[in-house]
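Next comes protein-v2.cif, a file with mmCIF, C-alpha atoms and all ligand atoms.
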```
data_structure
#
loop_
_atom_site.label_atom_id
_atom_site.label_comp_id
_atom_site.auth_asym_id
_atom_site.auth_seq_id
_atom_site.Cartn_x
_atom_site.Cartn_y
_atom_site.Cartn_z
CA MET A 55 30.36 9.79 78.74
CA SER A 56 32.32 6.98 77.09
CA ALA A 57 34.45 7.60 74.01
CA ILE A 58 31.80 5.89 71.91
CA GLU A 59 29.08 8.32 73.04
CA GLN A 60 31.16 11.45 72.25
CA PRO A 61 29.39 13.60 69.60
CA GLN A 62 31.35 13.50 66.36
CA PRO A 63 32.59 16.65 64.69
CA ALA A 64 30.07 17.53 61.95
CA ALA A 65 32.48 16.76 59.10
CA LEU A 66 32.86 13.15 60.28
CA GLN A 67 29.12 12.54 60.24
CA PHE A 68 28.99 12.77 56.46
CA PRO A 69 30.75 10.52 53.99
CA ALA A 70 33.33 12.08 51.67
CA LEU A 71 31.83 13.38 48.44
CA GLU A 72 32.00 10.54 45.92
CA PRO A 73 29.37 11.18 43.23
CA PRO A 74 28.63 8.18 41.03
CA ARG A 75 30.17 8.32 37.57
CA ARG A 76 27.18 8.42 35.27
CA TYR A 77 26.88 8.47 31.53
CA LEU A 78 24.74 11.55 31.04
CA PHE A 79 22.60 10.60 28.04
CA GLY A 80 19.76 12.85 29.17
CA PRO A 81 18.67 16.31 28.01
CA GLY A 82 21.28 17.97 30.25
CA PRO A 83 23.43 18.36 32.18
CA SER A 84 25.76 16.70 29.69
CA MET A 85 29.21 15.18 30.18
CA VAL A 86 32.00 17.59 31.11
CA HIS A 87 35.40 17.45 29.41
CA PRO A 88 38.34 16.68 31.79
CA ARG A 89 39.95 19.98 30.79
CA VAL A 90 36.84 21.80 32.00
CA TYR A 91 37.05 20.02 35.38
CA GLY A 92 40.70 21.13 35.47
CA ALA A 93 39.70 24.76 34.87
CA LEU A 94 37.24 24.62 37.78
CA ALA A 95 40.10 23.79 40.14
CA LYS A 96 42.26 26.80 39.16
CA PRO A 97 42.86 29.51 41.81
CA ILE A 98 40.22 32.18 41.87
CA VAL A 99 41.00 35.86 41.46
CA GLY A 100 38.75 38.81 42.26
CA HIS A 101 35.82 39.61 40.00
CA LEU A 102 37.38 43.02 39.16
CA ASP A 103 40.91 41.66 38.69
CA PRO A 104 42.30 42.50 35.23
CA TYR A 105 42.94 38.77 34.78
CA PHE A 106 39.26 37.98 35.29
CA ILE A 107 38.13 40.86 33.07
CA GLN A 108 40.27 39.32 30.31
CA VAL A 109 38.67 35.90 30.96
CA MET A 110 35.21 37.47 30.54
CA THR A 111 36.34 39.18 27.35
CA ASP A 112 37.74 35.90 25.97
CA VAL A 113 34.48 34.13 26.78
CA GLN A 114 32.45 36.80 24.97
CA GLN A 115 34.67 36.53 21.92
CA LEU A 116 34.56 32.72 21.83
CA LEU A 117 30.77 32.70 22.25
CA LYS A 118 30.27 34.79 19.11
CA THR A 119 31.35 31.86 16.94
CA ALA A 120 29.00 29.49 18.74
CA PHE A 121 26.08 31.91 18.35
CA GLY A 122 26.99 32.69 14.74
CA THR A 123 27.26 36.45 15.00
CA ASN A 124 29.67 39.21 14.11
CA ASP A 125 28.06 42.31 15.43
CA GLY A 126 25.88 41.35 18.36
CA ALA A 127 26.59 42.23 22.00
CA THR A 128 27.55 39.15 24.01
CA LEU A 129 26.95 38.82 27.74
CA VAL A 130 27.06 36.00 30.24
CA ILE A 131 24.44 36.00 32.97
CA SER A 132 25.35 34.56 36.37
CA GLY A 133 22.61 31.99 36.66
CA THR A 134 21.26 29.01 34.73
CA GLY A 135 19.31 29.12 31.47
CA SER A 136 16.20 30.35 33.28
CA ALA A 137 18.15 33.45 34.38
CA GLY A 138 18.86 34.19 30.71
CA MET A 139 15.18 33.69 29.93
CA GLU A 140 14.14 36.01 32.75
CA ALA A 141 16.73 38.62 31.70
CA ALA A 142 15.40 38.54 28.13
CA VAL A 143 11.81 38.98 29.28
CA ALA A 144 12.48 41.55 32.03
CA ASN A 145 14.53 43.80 29.74
CA PHE A 146 12.76 43.53 26.39
CA VAL A 147 9.11 43.11 27.39
CA GLU A 148 7.90 46.28 29.07
CA PRO A 149 4.86 46.18 31.34
CA GLY A 150 1.73 46.38 29.17
CA ALA A 151 3.58 45.46 25.95
CA LYS A 152 2.19 42.71 23.75
CA ILE A 153 4.34 39.59 23.37
CA ALA A 154 3.44 36.84 20.89
CA VAL A 155 4.59 33.40 22.03
CA PHE A 156 4.86 30.30 19.85
CA ALA A 157 3.57 27.82 22.42
CA ASN A 158 4.41 24.20 21.62
CA GLY A 159 6.14 22.89 24.74
CA TYR A 160 7.09 23.33 28.36
CA PHE A 161 9.62 26.14 27.92
CA SER A 162 7.29 28.37 25.91
CA ASP A 163 4.94 28.01 28.89
CA ARG A 164 7.74 29.19 31.17
CA LEU A 165 8.34 32.17 28.86
CA THR A 166 4.62 32.92 29.05
CA GLU A 167 4.63 32.80 32.83
CA MET A 168 7.64 35.10 33.08
CA ALA A 169 6.11 37.59 30.63
CA LYS A 170 2.84 37.64 32.63
CA ARG A 171 4.79 38.35 35.81
CA GLN A 172 6.41 41.32 34.03
CA GLY A 173 2.91 42.66 33.37
CA ALA A 174 2.95 41.90 29.63
CA ASN A 175 -0.07 41.21 27.44
CA VAL A 176 0.69 37.66 26.26
CA VAL A 177 -0.89 36.15 23.15
CA ARG A 178 -0.13 32.53 22.28
CA PHE A 179 -0.20 30.37 19.18
CA GLU A 180 -0.90 26.95 20.67
CA LYS A 181 0.28 23.73 19.07
CA ALA A 182 0.63 20.17 20.33
CA TRP A 183 3.93 19.26 22.05
CA GLY A 184 6.31 18.11 19.32
CA GLU A 185 4.77 20.12 16.48
CA THR A 186 6.45 23.12 14.83
CA TYR A 187 5.20 26.17 12.88
CA THR A 188 5.32 26.61 9.11
CA GLU A 189 6.55 29.88 7.65
CA ASP A 190 3.03 30.86 6.62
CA GLU A 191 1.61 30.13 10.07
CA ALA A 192 4.36 32.19 11.69
CA ARG A 193 3.86 35.14 9.35
CA GLU A 194 0.07 35.09 9.68
CA PHE A 195 0.17 35.01 13.51
CA ILE A 196 2.58 37.93 13.73
CA ARG A 197 0.76 40.02 11.09
CA ARG A 198 -2.52 39.45 12.92
CA GLU A 199 -1.27 40.17 16.44
CA LYS A 200 1.14 43.06 15.72
CA PRO A 201 3.16 42.42 18.90
CA LYS A 202 6.08 44.43 20.25
CA VAL A 203 8.03 41.23 21.00
CA VAL A 204 7.91 37.70 19.56
CA ALA A 205 9.28 34.69 21.45
CA TYR A 206 9.93 31.13 20.33
CA VAL A 207 11.93 28.15 21.55
CA HIS A 208 14.54 27.14 18.99
CA ALA A 209 15.18 23.67 20.46
CA GLU A 210 12.28 22.59 22.68
CA THR A 211 13.78 20.20 25.23
CA SER A 212 10.42 18.87 26.41
CA THR A 213 9.52 17.61 22.92
CA GLY A 214 12.70 17.23 20.84
CA ALA A 215 11.42 19.65 18.15
CA LEU A 216 13.59 22.26 16.41
CA GLN A 217 11.83 25.43 15.23
CA ALA A 218 13.25 27.29 12.22
CA GLY A 219 13.39 31.01 13.00
CA GLN A 220 13.97 32.88 9.75
CA ALA A 221 10.32 33.49 8.80
CA ILE A 222 9.44 34.35 12.41
CA CYS A 223 12.23 36.94 12.56
CA ALA A 224 11.44 38.45 9.14
CA ALA A 225 7.73 38.82 9.96
CA ALA A 226 8.51 40.22 13.41
CA HIS A 227 10.87 42.83 11.95
CA ASP A 228 8.26 43.79 9.34
CA ALA A 229 5.89 44.40 12.26
CA GLY A 230 8.56 46.39 14.14
CA ALA A 231 8.90 43.70 16.83
CA LEU A 232 12.00 42.23 18.49
CA VAL A 233 12.52 38.46 18.56
CA ILE A 234 13.58 36.47 21.62
CA ALA A 235 14.83 32.94 20.85
CA ASP A 236 15.39 30.32 23.54
CA CYS A 237 18.59 28.59 22.46
CA VAL A 238 19.21 26.70 25.71
CA THR A 239 19.33 23.29 24.00
CA SER A 240 20.85 24.37 20.69
CA LEU A 241 23.97 26.44 21.43
CA GLY A 242 27.13 24.43 20.81
CA GLY A 243 25.30 21.36 19.52
CA VAL A 244 23.33 22.62 16.53
CA PRO A 245 23.74 25.91 14.60
CA VAL A 246 21.98 28.90 16.13
CA ALA A 247 22.94 31.18 13.17
CA PHE A 248 22.01 34.28 15.16
CA ASP A 249 22.78 36.87 12.43
CA GLN A 250 21.53 34.81 9.49
CA THR A 251 18.26 33.96 11.24
CA GLY A 252 17.71 37.56 12.36
CA ILE A 253 17.33 36.86 16.09
CA ASP A 254 17.46 39.91 18.37
CA VAL A 255 17.88 38.28 21.77
CA ALA A 256 19.13 34.73 22.34
CA TYR A 257 19.89 33.09 25.67
CA SER A 258 21.35 29.69 26.43
CA CYS A 259 22.96 27.64 29.17
CA THR A 260 26.32 26.01 29.81
CA GLN A 261 25.21 22.47 30.69
CA LYS A 262 23.99 21.09 27.38
CA GLY A 263 25.61 21.72 23.98
CA LEU A 264 28.63 23.43 25.56
CA SER A 265 29.45 20.45 27.83
CA CYS A 266 30.14 22.53 30.91
CA PRO A 267 28.51 22.35 34.37
CA PRO A 268 25.29 24.34 34.86
CA GLY A 269 25.60 27.86 36.27
CA LEU A 270 25.89 30.46 33.50
CA SER A 271 23.62 31.72 30.77
CA PRO A 272 25.31 33.10 27.63
CA MET A 273 23.25 35.80 25.89
CA GLU A 274 23.50 37.49 22.53
CA MET A 275 21.77 40.73 21.53
CA SER A 276 21.48 42.30 18.08
CA PRO A 277 22.25 45.99 17.44
CA ARG A 278 18.44 46.52 17.25
CA ALA A 279 18.04 44.95 20.68
CA MET A 280 20.83 47.13 22.07
CA ASP A 281 19.16 50.23 20.59
CA PHE A 282 15.92 49.22 22.32
CA LEU A 283 17.77 48.74 25.60
CA ARG A 284 19.49 52.12 25.40
CA ALA A 285 16.22 53.86 24.51
CA ARG A 286 14.20 52.16 27.27
CA THR A 287 13.37 54.80 29.85
CA SER A 288 11.58 52.72 32.52
CA PRO A 289 14.11 50.60 34.45
CA SER A 290 13.88 46.82 34.12
CA ARG A 291 11.85 45.40 37.00
CA SER A 292 14.72 43.08 37.81
CA TRP A 293 17.78 44.82 39.23
CA TYR A 294 19.98 41.69 39.27
CA LEU A 295 19.13 40.87 35.66
CA ASP A 296 19.23 44.46 34.38
CA LEU A 297 21.11 44.01 31.11
CA LYS A 298 22.19 47.66 30.96
CA LEU A 299 23.99 47.22 34.30
CA ILE A 300 25.41 43.81 33.39
CA HIS A 301 26.58 45.07 30.01
CA ASP A 302 28.30 47.99 31.70
CA TYR A 303 30.06 45.70 34.22
CA SER A 304 31.12 43.06 31.75
CA THR A 305 32.04 45.06 28.67
CA VAL A 306 32.20 48.82 29.31
CA SER A 307 33.29 50.26 32.66
CA HIS A 308 33.99 46.95 34.47
CA ARG A 309 32.55 48.58 37.56
CA TYR A 310 31.14 46.22 40.20
CA HIS A 311 27.60 44.98 39.60
CA HIS A 312 27.67 41.56 41.31
CA THR A 313 30.36 39.04 42.20
CA ALA A 314 30.67 36.93 39.07
CA PRO A 315 31.14 33.17 39.66
CA ILE A 316 34.81 33.16 38.71
CA SER A 317 35.34 29.39 38.48
CA MET A 318 32.35 28.94 36.19
CA PHE A 319 33.79 31.53 33.81
CA TYR A 320 37.08 29.58 33.80
CA ALA A 321 35.11 26.44 33.02
CA LEU A 322 33.14 28.07 30.23
CA ARG A 323 36.30 29.54 28.69
CA GLU A 324 37.91 26.08 28.65
CA ALA A 325 34.77 24.43 27.24
CA LEU A 326 34.66 27.02 24.45
CA LEU A 327 38.36 26.45 23.70
CA VAL A 328 37.74 22.70 23.44
CA ILE A 329 34.97 23.51 20.95
CA ALA A 330 37.14 26.00 19.03
CA GLU A 331 39.92 23.43 18.72
CA GLU A 332 37.53 20.90 17.20
CA GLY A 333 35.90 23.61 15.05
CA ILE A 334 32.23 24.43 15.59
CA GLU A 335 31.20 23.18 12.13
CA ASN A 336 32.98 19.87 12.76
CA ARG A 337 31.24 19.62 16.10
CA TRP A 338 27.80 20.17 14.57
CA GLU A 339 28.58 17.58 11.90
CA ARG A 340 29.76 15.05 14.53
CA HIS A 341 26.46 15.51 16.39
CA ARG A 342 24.48 15.13 13.15
CA ARG A 343 26.33 11.89 12.29
CA CYS A 344 25.62 10.44 15.73
CA HIS A 345 21.99 11.50 15.52
CA ARG A 346 21.55 9.68 12.17
CA SER A 347 23.24 6.59 13.55
CA PHE A 348 21.12 6.71 16.72
CA VAL A 349 17.86 7.02 14.77
CA LYS A 350 18.87 4.11 12.53
CA GLY A 351 19.60 2.06 15.65
CA VAL A 352 16.34 2.80 17.48
CA GLU A 353 14.31 2.16 14.31
CA ALA A 354 16.10 -1.17 13.94
CA LEU A 355 14.81 -1.94 17.45
CA GLY A 356 11.29 -1.31 16.14
CA LEU A 357 10.92 2.02 17.96
CA ARG A 358 9.56 5.30 16.56
CA MET A 359 10.81 8.88 16.93
CA HIS A 360 8.26 11.38 18.29
CA VAL A 361 9.19 14.31 15.99
CA PRO A 362 9.09 14.19 12.15
CA GLU A 363 12.54 13.81 10.57
CA ASP A 364 13.07 17.37 9.34
CA HIS A 365 12.27 18.97 12.71
CA ARG A 366 14.43 16.97 15.10
CA ILE A 367 17.11 18.38 17.40
CA ALA A 368 20.32 16.53 16.50
CA ILE A 369 21.56 16.44 20.11
CA LEU A 370 18.27 15.52 21.80
CA ASN A 371 16.13 12.61 20.64
CA THR A 372 12.58 11.89 21.73
CA VAL A 373 11.79 8.21 21.25
CA CYS A 374 8.21 6.96 21.65
CA VAL A 375 7.71 4.51 24.51
CA PRO A 376 6.44 1.21 23.06
CA GLU A 377 2.91 0.03 24.00
CA GLY A 378 2.72 -1.61 27.41
CA ILE A 379 6.21 -0.60 28.57
CA ASP A 380 6.68 1.39 31.78
CA GLU A 381 9.25 4.01 30.77
CA ALA A 382 10.16 4.89 34.38
CA LYS A 383 11.19 1.27 35.01
CA VAL A 384 13.38 1.27 31.89
CA ARG A 385 15.08 4.47 33.04
CA LYS A 386 15.60 3.11 36.55
CA ARG A 387 17.12 -0.07 35.18
CA LEU A 388 19.48 1.92 32.95
CA LEU A 389 20.59 4.01 35.91
CA ASP A 390 20.96 1.11 38.34
CA GLU A 391 22.54 -1.41 36.01
CA SER A 392 24.42 0.67 33.44
CA ASP A 393 24.98 4.03 35.18
CA ILE A 394 23.14 5.64 32.26
CA GLU A 395 20.90 8.64 32.83
CA ILE A 396 18.13 9.44 30.36
CA ALA A 397 14.91 11.39 30.95
CA GLY A 398 11.24 10.70 30.46
CA GLY A 399 8.55 12.95 29.06
CA PHE A 400 6.39 15.27 31.14
CA GLY A 401 3.19 17.27 30.71
CA PRO A 402 1.25 15.81 27.76
CA LEU A 403 4.22 13.56 26.94
CA ALA A 404 4.45 11.97 30.43
CA GLY A 405 4.95 8.23 30.02
CA LYS A 406 4.98 8.59 26.23
CA VAL A 407 8.59 9.42 25.32
CA PHE A 408 12.15 8.84 26.38
CA ARG A 409 14.38 11.92 26.04
CA ILE A 410 17.87 10.85 25.04
CA GLY A 411 20.72 13.29 24.55
CA MET A 412 23.91 12.68 22.56
CA MET A 413 25.91 15.75 23.52
CA GLY A 414 29.57 16.76 23.47
CA PRO A 415 31.98 14.01 24.50
CA LEU A 416 29.21 11.37 24.31
CA ALA A 417 28.51 12.08 20.64
CA THR A 418 30.70 9.38 19.11
CA GLU A 419 29.75 6.30 17.12
CA ASP A 420 31.12 4.01 19.87
CA ASN A 421 28.94 5.72 22.46
CA VAL A 422 25.85 5.51 20.25
CA GLN A 423 26.39 1.76 19.88
CA PHE A 424 27.13 1.37 23.60
CA PHE A 425 23.93 3.23 24.46
CA LEU A 426 21.78 1.25 22.02
CA LYS A 427 23.05 -2.05 23.44
CA GLU A 428 22.25 -1.04 27.04
CA PHE A 429 18.91 0.49 26.03
CA LYS A 430 17.84 -2.71 24.26
CA LYS A 431 18.86 -4.76 27.29
CA ALA A 432 16.79 -2.56 29.63
CA LEU A 433 13.77 -2.54 27.30
CA ASN A 434 13.87 -6.31 26.89
CA ALA A 435 14.17 -6.82 30.65
CA GLU A 436 10.98 -4.73 31.03
CA GLY A 437 9.08 -6.93 28.57
CA TYR A 438 9.75 -5.34 25.20
CA SER A 439 10.43 -7.59 22.23
CA ASN A 440 10.51 -6.73 18.55
C1 LIG B 501 14.64 25.03 26.19
C2 LIG B 501 14.98 25.36 27.61
N1 LIG B 501 14.79 26.61 28.05
C3 LIG B 501 15.10 26.96 29.32
C4 LIG B 501 15.61 26.05 30.21
C5 LIG B 501 15.94 26.46 31.60
O1 LIG B 501 17.30 26.30 31.84
P1 LIG B 501 17.87 25.98 33.30
O2 LIG B 501 17.28 24.69 33.75
O3 LIG B 501 19.35 25.92 33.04
O4 LIG B 501 17.49 27.11 34.19
C6 LIG B 501 15.82 24.73 29.80
C7 LIG B 501 16.34 23.73 30.72
O5 LIG B 501 16.45 22.57 30.44
C8 LIG B 501 15.51 24.39 28.46
O6 LIG B 501 15.70 23.15 28.03
#
```
Let me see whether you can do it: turn the structure in this file into structure tokens.
Ligand SMILES: Cc1ncc(COP(=O)(O)O)c(C=O)c1O
Amino acid sequence: MSAIEQPQPAALQFPALEPPRRYLFGPGPSMVHPRVYGALAKPIVGHLDPYFIQVMTDVQQLLKTAFGTNDGATLVISGTGSAGMEAAVANFVEPGAKIAVFANGYFSDRLTEMAKRQGANVVRFEKAWGETYTEDEAREFIRREKPKVVAYVHAETSTGALQAGQAICAAAHDAGALVIADCVTSLGGVPVAFDQTGIDVAYSCTQKGLSCPPGLSPMEMSPRAMDFLRARTSPSRSWYLDLKLIHDYSTVSHRYHHTAPISMFYALREALLVIAEEGIENRWERHRRCHRSFVKGVEALGLRMHVPEDHRIAILNTVCVPEGIDEAKVRKRLLDESDIEIAGGFGPLAGKVFRIGMMGPLATEDNVQFFLKEFKKALNAEGYSN
């Protein structure tokens, strides 16, 4: 066999890892702060090491400000936002219990599916993707259904709509129900106001408003939710996502439950420190300013927003695709020519909206203007003129 025909060692058959540097203007993952990348490279310690236990404790403390709570129990689930969703459903929706779901987008469908798999009796209040619920509608639905649990999506990523939660929570509590709120696309970017709203169980992710890589799901539980958990006699059907066990490992005994992803906790701690240094209120205001500027810019291009003004998510914009324009071609052009990632719509909104995020480090006036310039170029190249 000649030297040329020698099989190569496996490592040489693959190029070195050189991911392209994209501008992540989509619905997530969002851009990661250089300090967070730095944290990921720090030496790992064991998951029961006192140093790591302190990191977990710091993360829980820092998350309370982002969630807007003083007396909730904070946990971080090892898994993406869907793991938080599944933990919420598996622990708070007992088999046979009735759960009332506000169903106006893709992620309320996922909640529905998870609740069905837990053996729950699911009732849904259906609305078109992009619509929200008035206080009266929310109250009437809950009074009529008398559920044990109510679930809604605070920031619906598939539509760009933000659902106010106060009336939902008040009506649910009047009916003796707990409220689960999906805060995957709100935490860190727009106020969750956990205590003020009256949420009982909120879950989120790391890769959107917190500007961290995907991999963890922060969760917050009210004292009422913790009482429910303690009183629950049947074990959760999920062992890995059993919140009693995870709570014990992460805040009480620190006895082994699973091997926590150490580096991701470092990253989340650093991301939360970056947020704390800016100040969470300042961060929300920065995102709001960029959102207003972005909307002004797209309207000046003759484009329309999909969601009415008062119900938009400041960090995630859904822009209607103009008549006759192929949105996939616009997105491809942005990626190929400008290294910009945005997303399209799916389900009933397939081909009808662009989903454009302005999150974390990208939420600056310069970046809004940069994006609008590239977006206009791509739209024009695909035949759009205004
Ligand atoms: C509102 C909402 N809920 C849940 C999820 C699921 O999160 P993940 O993809 O991190 O599992 C997402 C993901 O985008 C989301 O936007």
Taking (41.4, 35.8, 34.0) in the file's coordinates, which residues come within 10 Å, counting all atoms listed in the file, written as a list in words? Ile98, Val99, Gly100, His101, Leu102, Asp103, Pro104, Tyr105, Phe106, Ile107, Gln108, Val109, Met110, Thr111, Asp112, Ile316, Ser317, Phe319, Tyr320 and Arg323 of chain A
I want to know what sits within 12 Å of Ile369 in chain A, based on only C-alpha atoms, with residues of the same chain fewer than 3 positions away left out; could you give that as a ChimeraX atom specification? /A:79-82,84,209-211,214-216,238-245,262-265,337-349,366,372,409-418,422
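Atom pair CA of Thr119 in chain A / CA of Ile367 in chain A: separated by 19.6 Å.
Taking only C-alpha atoms, the non-local environment of Gly133 in chain A within 7 Å (same-chain residues fewer than 5 positions away omitted) comprises Gly269, Leu270 and Ser271 of chain A.
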Which residues are close to Lys181 in chain A, i.e. within 7 Å by all atoms listed in the file, leaving aside same-chain residues fewer than 3 positions away? Reply as a PyMOL selection string. chain A and resi 157-158+185
Do a neighbour search on Ala226 in chain A at 9 Å with only C-alpha atoms, toss out local chain neighbours closer than 6 positions, and write the hits as a ChimeraX atom specification. /A:193,196-197,200-204,232-233
Length of the CA of Asp163 in chain A to CA of Gly122 in chain A vector [Å]: 26.6 Å
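Here the question is which of A:Ala330, A:Val384, A:Ala368, A:Ala141 gets nearest to Lys118 in chain A using all atoms listed in the file, and that residue is A:Ala330.
Proximity to Glu199 in chain A at 12 Å, evaluated using all atoms listed in the file and with sequence-adjacent residues fewer than 3 positions away removed, yields Ala151, Lys152, Ile153, Ala154, Val155, Asn175, Val176, Val177, Arg178, Phe179, Ala192, Arg193, Glu194, Phe195, Ile196, Lys202, Val203, Val204, Ala225, Ala226, Ala229, Gly230 and Ala231 of chain A.
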File of the preceding selection, C-alpha atoms, as a JSON list (two decimals), in the frame of the given file:
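Result file follows (again_3.json):
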```json
[["chain", "number", "residue", "atom", "x", "y", "z"],
["A", 151, "ALA", "CA", 3.58, 45.46, 25.95],
["A", 152, "LYS", "CA", 2.19, 42.71, 23.75],
["A", 153, "ILE", "CA", 4.34, 39.59, 23.37],
["A", 154, "ALA", "CA", 3.44, 36.84, 20.89],
["A", 155, "VAL", "CA", 4.59, 33.40, 22.03],
["A", 175, "ASN", "CA", -0.07, 41.21, 27.44],
["A", 176, "VAL", "CA", 0.69, 37.66, 26.26],
["A", 177, "VAL", "CA", -0.89, 36.15, 23.15],
["A", 178, "ARG", "CA", -0.13, 32.53, 22.28],
["A", 179, "PHE", "CA", -0.20, 30.37, 19.18],
["A", 192, "ALA", "CA", 4.36, 32.19, 11.69],
["A", 193, "ARG", "CA", 3.86, 35.14, 9.35],
["A", 194, "GLU", "CA", 0.07, 35.09, 9.68],
["A", 195, "PHE", "CA", 0.17, 35.01, 13.51],
["A", 196, "ILE", "CA", 2.58, 37.93, 13.73],
["A", 202, "LYS", "CA", 6.08, 44.43, 20.25],
["A", 203, "VAL", "CA", 8.03, 41.23, 21.00],
["A", 204, "VAL", "CA", 7.91, 37.70, 19.56],
["A", 225, "ALA", "CA", 7.73, 38.82, 9.96],
["A", 226, "ALA", "CA", 8.51, 40.22, 13.41],
["A", 229, "ALA", "CA", 5.89, 44.40, 12.26],
["A", 230, "GLY", "CA", 8.56, 46.39, 14.14],
["A", 231, "ALA", "CA", 8.90, 43.70, 16.83]]
```
